[in-house]
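Chemist: Shown below is the structure under consideration.
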Amino acid sequence: MSGEQKGQIMIRTGILTVSDRGYLGEYRDLSGPAIREIVVGQLGARVEQEAVVPDERNVIAGTLVAWADEAGLELILTTGGTGFAPRDVTPEATRDVISREAPGLAEAMRAASLAITPHAMLSRAVAGIRGATLIVNLPGSPKAVRENLETILPALPHAIELLRGGKGGDEHPDAR
């Protein structure tokens, strides 16, 4: 079912899994497919790009730039590389390419996760804007991906509409 049929906007989306083991084929990515299931099924998004890359800052940043600038994706969701391990560099790569942070998204994810596990405090995930593209870092585990993505999902269509140049402020029923 198309997101347009449900009154939602079609969002051109990319899913980037950051994992050395996944990139080398030593591990089957489960988080990327979990993201796909949620954004297609609940958001009505169209996934146009998917990739698994190693935990290399320049590779992550280069992919984000290509997907935002060349492919024109509106939403890029990354999974993995947001913790404390020495090779977890997804937040740094994301900051390298965004022009404005969107801290409320990362704060909301951490707050919701904190109700489930104290390890949520260890998340270094960021979210931000590059041109007309929203980039959001999600955790690496499928369970955490689901929890975090479902937390921010209600805000994503409005965020994308604003990035497209739409009006804000009058979408809330109480604003009428």
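As shown in the structure tokens, the chain order sets the letters A, B, ...; within each chain, residues go from 1, and ligands are also counted from 1 in the order they appear.
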Give me the residues of region 25-82 of chain A that have any atom at most 9 Å from an atom of region 153-166 of chain A; for each, the nearest atom pair and the distance in Å, rounded to one decimal. Use only C-alpha atoms, sort by chain and number, and format it as a Markdown table.

Modeler:
| residue | atom | partner | partner_atom | distance |
| --- | --- | --- | --- | --- |
| A:Ile38 | CA | A:Leu153 | CA | 8.9 |
| A:Val39 | CA | A:Leu153 | CA | 8.3 |
| A:Gln42 | CA | A:Leu153 | CA | 8.3 |
| A:Leu43 | CA | A:Leu153 | CA | 7.3 |
| A:Glu74 | CA | A:Ile160 | CA | 6.8 |
| A:Leu75 | CA | A:Ile160 | CA | 7.6 |

Chemist: Write a file of the selected residues as a compact mmCIF listing (two decimals), in the first residue's frame, keeping N, CA and C atoms.

Modeler:
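In the end it all went to out00.txt:
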# COMPACT_ATOMS: atom_id res chain seq x y z
N ILE A 38 9.68 -1.14 8.72
CA ILE A 38 8.97 -0.07 9.41
C ILE A 38 8.68 1.11 8.49
N VAL A 39 9.69 1.58 7.75
CA VAL A 39 9.47 2.78 6.94
C VAL A 39 8.53 2.52 5.76
N GLN A 42 4.88 1.32 7.81
CA GLN A 42 4.21 2.29 8.67
C GLN A 42 4.30 3.72 8.16
N LEU A 43 5.34 4.02 7.42
CA LEU A 43 5.54 5.39 6.93
C LEU A 43 5.13 5.53 5.47
N GLU A 74 15.43 12.07 0.58
CA GLU A 74 14.88 13.01 1.57
C GLU A 74 15.13 12.56 3.00
N LEU A 75 15.31 11.25 3.20
CA LEU A 75 15.54 10.69 4.52
C LEU A 75 16.60 9.60 4.41

Chemist: Excluding region 140-148 of chain A and residues on its chain fewer than 5 positions from it, collect all residues at most 9 Å away from it, counting only C-alpha atoms, and give them as a PyMOL selection string.

Modeler: chain A and resi 17-19+29-35+38+78-83+106+108-110+112-113+153

Chemist: With N, CA and C atoms kept, could you save the residues just selected as a PDB file, in the first residue's frame?

Modeler:
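The resulting selection-v8.pdb:
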ATOM      1  N   THR A  17      23.624   0.681   6.589  1.00  0.00           N
ATOM      2  CA  THR A  17      24.101  -0.130   7.710  1.00  0.00           C
ATOM      3  C   THR A  17      25.609   0.038   7.827  1.00  0.00           C
ATOM      4  N   VAL A  18      26.050   0.398   9.022  1.00  0.00           N
ATOM      5  CA  VAL A  18      27.473   0.603   9.283  1.00  0.00           C
ATOM      6  C   VAL A  18      27.958  -0.544  10.164  1.00  0.00           C
ATOM      7  N   SER A  19      28.758  -1.428   9.562  1.00  0.00           N
ATOM      8  CA  SER A  19      29.226  -2.610  10.285  1.00  0.00           C
ATOM      9  C   SER A  19      30.414  -3.222   9.553  1.00  0.00           C
ATOM     10  N   ASP A  29      23.100  -8.695   8.207  1.00  0.00           N
ATOM     11  CA  ASP A  29      22.452  -7.491   8.706  1.00  0.00           C
ATOM     12  C   ASP A  29      20.974  -7.757   8.958  1.00  0.00           C
ATOM     13  N   LEU A  30      20.526  -7.507  10.168  1.00  0.00           N
ATOM     14  CA  LEU A  30      19.113  -7.634  10.518  1.00  0.00           C
ATOM     15  C   LEU A  30      18.485  -6.263  10.777  1.00  0.00           C
ATOM     16  N   SER A  31      19.317  -5.266  11.080  1.00  0.00           N
ATOM     17  CA  SER A  31      18.792  -3.942  11.398  1.00  0.00           C
ATOM     18  C   SER A  31      18.302  -3.198  10.161  1.00  0.00           C
ATOM     19  N   GLY A  32      19.047  -3.281   9.067  1.00  0.00           N
ATOM     20  CA  GLY A  32      18.601  -2.642   7.827  1.00  0.00           C
ATOM     21  C   GLY A  32      17.231  -3.149   7.389  1.00  0.00           C
ATOM     22  N   PRO A  33      17.027  -4.474   7.334  1.00  0.00           N
ATOM     23  CA  PRO A  33      15.703  -4.993   6.989  1.00  0.00           C
ATOM     24  C   PRO A  33      14.608  -4.566   7.977  1.00  0.00           C
ATOM     25  N   ALA A  34      14.949  -4.440   9.260  1.00  0.00           N
ATOM     26  CA  ALA A  34      13.966  -3.966  10.247  1.00  0.00           C
ATOM     27  C   ALA A  34      13.555  -2.528   9.932  1.00  0.00           C
ATOM     28  N   ILE A  35      14.524  -1.697   9.565  1.00  0.00           N
ATOM     29  CA  ILE A  35      14.216  -0.315   9.181  1.00  0.00           C
ATOM     30  C   ILE A  35      13.311  -0.312   7.954  1.00  0.00           C
ATOM     31  N   ILE A  38       9.681  -1.141   8.716  1.00  0.00           N
ATOM     32  CA  ILE A  38       8.965  -0.069   9.412  1.00  0.00           C
ATOM     33  C   ILE A  38       8.685   1.108   8.487  1.00  0.00           C
ATOM     34  N   THR A  78      20.639   5.664   9.255  1.00  0.00           N
ATOM     35  CA  THR A  78      21.812   4.818   9.434  1.00  0.00           C
ATOM     36  C   THR A  78      21.548   3.888  10.607  1.00  0.00           C
ATOM     37  N   THR A  79      22.199   2.749  10.609  1.00  0.00           N
ATOM     38  CA  THR A  79      22.127   1.838  11.744  1.00  0.00           C
ATOM     39  C   THR A  79      23.527   1.331  12.047  1.00  0.00           C
ATOM     40  N   GLY A  80      23.894   1.438  13.312  1.00  0.00           N
ATOM     41  CA  GLY A  80      25.202   0.964  13.739  1.00  0.00           C
ATOM     42  C   GLY A  80      26.228   2.068  13.898  1.00  0.00           C
ATOM     43  N   GLY A  81      27.242   1.771  14.707  1.00  0.00           N
ATOM     44  CA  GLY A  81      28.369   2.681  14.873  1.00  0.00           C
ATOM     45  C   GLY A  81      28.104   3.882  15.752  1.00  0.00           C
ATOM     46  N   THR A  82      27.115   3.791  16.672  1.00  0.00           N
ATOM     47  CA  THR A  82      26.767   4.958  17.487  1.00  0.00           C
ATOM     48  C   THR A  82      27.175   4.827  18.950  1.00  0.00           C
ATOM     49  N   GLY A  83      27.888   3.752  19.287  1.00  0.00           N
ATOM     50  CA  GLY A  83      28.240   3.510  20.681  1.00  0.00           C
ATOM     51  C   GLY A  83      29.616   4.012  21.061  1.00  0.00           C
ATOM     52  N   ALA A 106      17.260  12.899  18.258  1.00  0.00           N
ATOM     53  CA  ALA A 106      18.177  12.044  19.026  1.00  0.00           C
ATOM     54  C   ALA A 106      17.807  12.056  20.511  1.00  0.00           C
ATOM     55  N   ALA A 108      14.798  12.496  21.792  1.00  0.00           N
ATOM     56  CA  ALA A 108      13.579  11.706  21.960  1.00  0.00           C
ATOM     57  C   ALA A 108      13.883  10.216  21.949  1.00  0.00           C
ATOM     58  N   MET A 109      14.771   9.802  21.047  1.00  0.00           N
ATOM     59  CA  MET A 109      15.131   8.385  20.985  1.00  0.00           C
ATOM     60  C   MET A 109      15.820   7.948  22.275  1.00  0.00           C
ATOM     61  N   ARG A 110      16.754   8.748  22.752  1.00  0.00           N
ATOM     62  CA  ARG A 110      17.461   8.394  23.983  1.00  0.00           C
ATOM     63  C   ARG A 110      16.497   8.359  25.174  1.00  0.00           C
ATOM     64  N   ALA A 112      13.206   7.782  25.196  1.00  0.00           N
ATOM     65  CA  ALA A 112      12.333   6.604  25.112  1.00  0.00           C
ATOM     66  C   ALA A 112      13.108   5.338  25.442  1.00  0.00           C
ATOM     67  N   SER A 113      14.331   5.233  24.964  1.00  0.00           N
ATOM     68  CA  SER A 113      15.145   4.049  25.229  1.00  0.00           C
ATOM     69  C   SER A 113      15.547   3.947  26.696  1.00  0.00           C
ATOM     70  N   LEU A 153       8.992   8.163  14.421  1.00  0.00           N
ATOM     71  CA  LEU A 153       8.180   7.984  13.220  1.00  0.00           C
ATOM     72  C   LEU A 153       7.060   9.018  13.064  1.00  0.00           C
TER      73      LEU A 153
END

Chemist: From the set A:Glu50, A:Asp55, A:Glu37, A:Asp88, which residue has the shortest atom-to-atom contact distance to Arg21 (chain A), counting only C-alpha atoms?

Modeler: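 Counting only C-alpha atoms, the residue closest to Arg21 (chain A) is A:Asp55.
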
Chemist: List every residue of region 39-155 of chain A that DSSP, applied to the backbone of this structure, assigns to strand (DSSP E), and report them as a PDB file with N, CA and C atoms, in the first residue's frame.

Modeler:
ATOM      1  N   ARG A  46       9.442   5.094   0.266  1.00  0.00           N
ATOM      2  CA  ARG A  46      10.018   4.325  -0.844  1.00  0.00           C
ATOM      3  C   ARG A  46      11.526   4.244  -0.605  1.00  0.00           C
ATOM      4  N   VAL A  47      12.024   3.032  -0.343  1.00  0.00           N
ATOM      5  CA  VAL A  47      13.454   2.831  -0.109  1.00  0.00           C
ATOM      6  C   VAL A  47      14.148   2.762  -1.462  1.00  0.00           C
ATOM      7  N   GLU A  48      14.995   3.748  -1.739  1.00  0.00           N
ATOM      8  CA  GLU A  48      15.675   3.842  -3.026  1.00  0.00           C
ATOM      9  C   GLU A  48      17.142   3.448  -2.976  1.00  0.00           C
ATOM     10  N   GLN A  49      17.731   3.482  -1.797  1.00  0.00           N
ATOM     11  CA  GLN A  49      19.144   3.111  -1.641  1.00  0.00           C
ATOM     12  C   GLN A  49      19.302   2.294  -0.372  1.00  0.00           C
ATOM     13  N   GLU A  50      20.114   1.235  -0.444  1.00  0.00           N
ATOM     14  CA  GLU A  50      20.482   0.444   0.722  1.00  0.00           C
ATOM     15  C   GLU A  50      21.922  -0.004   0.532  1.00  0.00           C
ATOM     16  N   ALA A  51      22.689   0.050   1.608  1.00  0.00           N
ATOM     17  CA  ALA A  51      24.078  -0.393   1.527  1.00  0.00           C
ATOM     18  C   ALA A  51      24.574  -0.777   2.910  1.00  0.00           C
ATOM     19  N   VAL A  52      25.612  -1.614   2.910  1.00  0.00           N
ATOM     20  CA  VAL A  52      26.342  -1.954   4.127  1.00  0.00           C
ATOM     21  C   VAL A  52      27.768  -1.474   3.903  1.00  0.00           C
ATOM     22  N   VAL A  53      28.252  -0.629   4.806  1.00  0.00           N
ATOM     23  CA  VAL A  53      29.598  -0.074   4.682  1.00  0.00           C
ATOM     24  C   VAL A  53      30.385  -0.369   5.954  1.00  0.00           C
ATOM     25  N   LEU A  75      15.312  11.253   3.200  1.00  0.00           N
ATOM     26  CA  LEU A  75      15.537  10.694   4.520  1.00  0.00           C
ATOM     27  C   LEU A  75      16.596   9.600   4.414  1.00  0.00           C
ATOM     28  N   ILE A  76      17.625   9.706   5.229  1.00  0.00           N
ATOM     29  CA  ILE A  76      18.636   8.656   5.301  1.00  0.00           C
ATOM     30  C   ILE A  76      18.684   8.190   6.747  1.00  0.00           C
ATOM     31  N   LEU A  77      18.479   6.893   6.932  1.00  0.00           N
ATOM     32  CA  LEU A  77      18.535   6.284   8.247  1.00  0.00           C
ATOM     33  C   LEU A  77      19.754   5.388   8.306  1.00  0.00           C
ATOM     34  N   THR A  78      20.639   5.664   9.255  1.00  0.00           N
ATOM     35  CA  THR A  78      21.812   4.818   9.434  1.00  0.00           C
ATOM     36  C   THR A  78      21.548   3.888  10.607  1.00  0.00           C
ATOM     37  N   THR A  79      22.199   2.749  10.609  1.00  0.00           N
ATOM     38  CA  THR A  79      22.127   1.838  11.744  1.00  0.00           C
ATOM     39  C   THR A  79      23.527   1.331  12.047  1.00  0.00           C
ATOM     40  N   ARG A 100      23.048  21.420   9.733  1.00  0.00           N
ATOM     41  CA  ARG A 100      22.296  21.766  10.937  1.00  0.00           C
ATOM     42  C   ARG A 100      21.923  20.483  11.674  1.00  0.00           C
ATOM     43  N   GLU A 101      22.111  20.495  13.000  1.00  0.00           N
ATOM     44  CA  GLU A 101      21.686  19.333  13.779  1.00  0.00           C
ATOM     45  C   GLU A 101      20.190  19.434  14.066  1.00  0.00           C
ATOM     46  N   ALA A 127      21.203  13.437  14.745  1.00  0.00           N
ATOM     47  CA  ALA A 127      20.321  13.624  13.602  1.00  0.00           C
ATOM     48  C   ALA A 127      20.576  15.032  13.089  1.00  0.00           C
ATOM     49  N   GLY A 128      20.462  15.193  11.779  1.00  0.00           N
ATOM     50  CA  GLY A 128      20.711  16.509  11.226  1.00  0.00           C
ATOM     51  C   GLY A 128      20.277  16.621   9.778  1.00  0.00           C
ATOM     52  N   ILE A 129      20.478  17.802   9.254  1.00  0.00           N
ATOM     53  CA  ILE A 129      19.991  18.157   7.926  1.00  0.00           C
ATOM     54  C   ILE A 129      21.159  18.501   7.012  1.00  0.00           C
ATOM     55  N   ARG A 130      21.115  17.944   5.823  1.00  0.00           N
ATOM     56  CA  ARG A 130      22.052  18.301   4.752  1.00  0.00           C
ATOM     57  C   ARG A 130      21.186  18.711   3.572  1.00  0.00           C
ATOM     58  N   THR A 133      17.785  17.010   2.982  1.00  0.00           N
ATOM     59  CA  THR A 133      17.820  15.622   3.440  1.00  0.00           C
ATOM     60  C   THR A 133      17.956  15.567   4.954  1.00  0.00           C
ATOM     61  N   LEU A 134      17.114  14.763   5.581  1.00  0.00           N
ATOM     62  CA  LEU A 134      17.216  14.503   7.006  1.00  0.00           C
ATOM     63  C   LEU A 134      17.990  13.201   7.190  1.00  0.00           C
ATOM     64  N   ILE A 135      19.031  13.241   8.015  1.00  0.00           N
ATOM     65  CA  ILE A 135      19.854  12.071   8.312  1.00  0.00           C
ATOM     66  C   ILE A 135      19.705  11.757   9.796  1.00  0.00           C
ATOM     67  N   VAL A 136      19.359  10.506  10.101  1.00  0.00           N
ATOM     68  CA  VAL A 136      19.146  10.088  11.483  1.00  0.00           C
ATOM     69  C   VAL A 136      19.967   8.833  11.758  1.00  0.00           C
ATOM     70  N   ASN A 137      20.768   8.873  12.822  1.00  0.00           N
ATOM     71  CA  ASN A 137      21.527   7.699  13.263  1.00  0.00           C
ATOM     72  C   ASN A 137      20.656   6.866  14.192  1.00  0.00           C
ATOM     73  N   LEU A 138      20.564   5.578  13.891  1.00  0.00           N
ATOM     74  CA  LEU A 138      19.858   4.629  14.746  1.00  0.00           C
ATOM     75  C   LEU A 138      20.869   3.641  15.312  1.00  0.00           C
TER      76      LEU A 138
END

Chemist: Of the candidates A:Pro86, A:Gly25, A:Pro91, A:Pro139, which one gets nearest to Ala61 (chain A) if we count only C-alpha atoms?

Modeler: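 The shortest atom-to-atom distance to Ala61 (chain A) comes from A:Pro91.
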
Chemist: Please report the interatomic distance between CA of Ile152 (chain A) and CA of Glu107 (chain A) in Å with one decimal.

Modeler: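 Result for CA of Ile152 (chain A) versus CA of Glu107 (chain A): 10.0 Å, one decimal.
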
Chemist: To one decimal place, how far is CA of Arg87 (chain A) from CA of Glu56 (chain A) in Å?

Modeler: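 For CA of Arg87 (chain A) relative to CA of Glu56 (chain A), the distance reads 7.6 Å.
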
Chemist: So, with only C-alpha atoms as the atoms that count, which of A:Leu24, A:Ile9, A:Ile15, A:Val89 lies closest to Leu64 (chain A)?

Modeler: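 Nearest candidate to Leu64 (chain A) out of A:Leu24, A:Ile9, A:Ile15, A:Val89: A:Ile15.
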
Chemist: Between A:Leu122, A:Ile98, A:Leu149, A:Ala115, which residue has the minimum interatomic distance to Gly62 (chain A), considering only C-alpha atoms?

Modeler: A:Ile98

Chemist: If I take CA of Thr117 (chain A) and CA of Ala102 (chain A), how far is one from the other in Å, to one decimal?

Modeler: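 Interatomic distance, CA of Thr117 (chain A) to CA of Ala102 (chain A): 23.2 Å.
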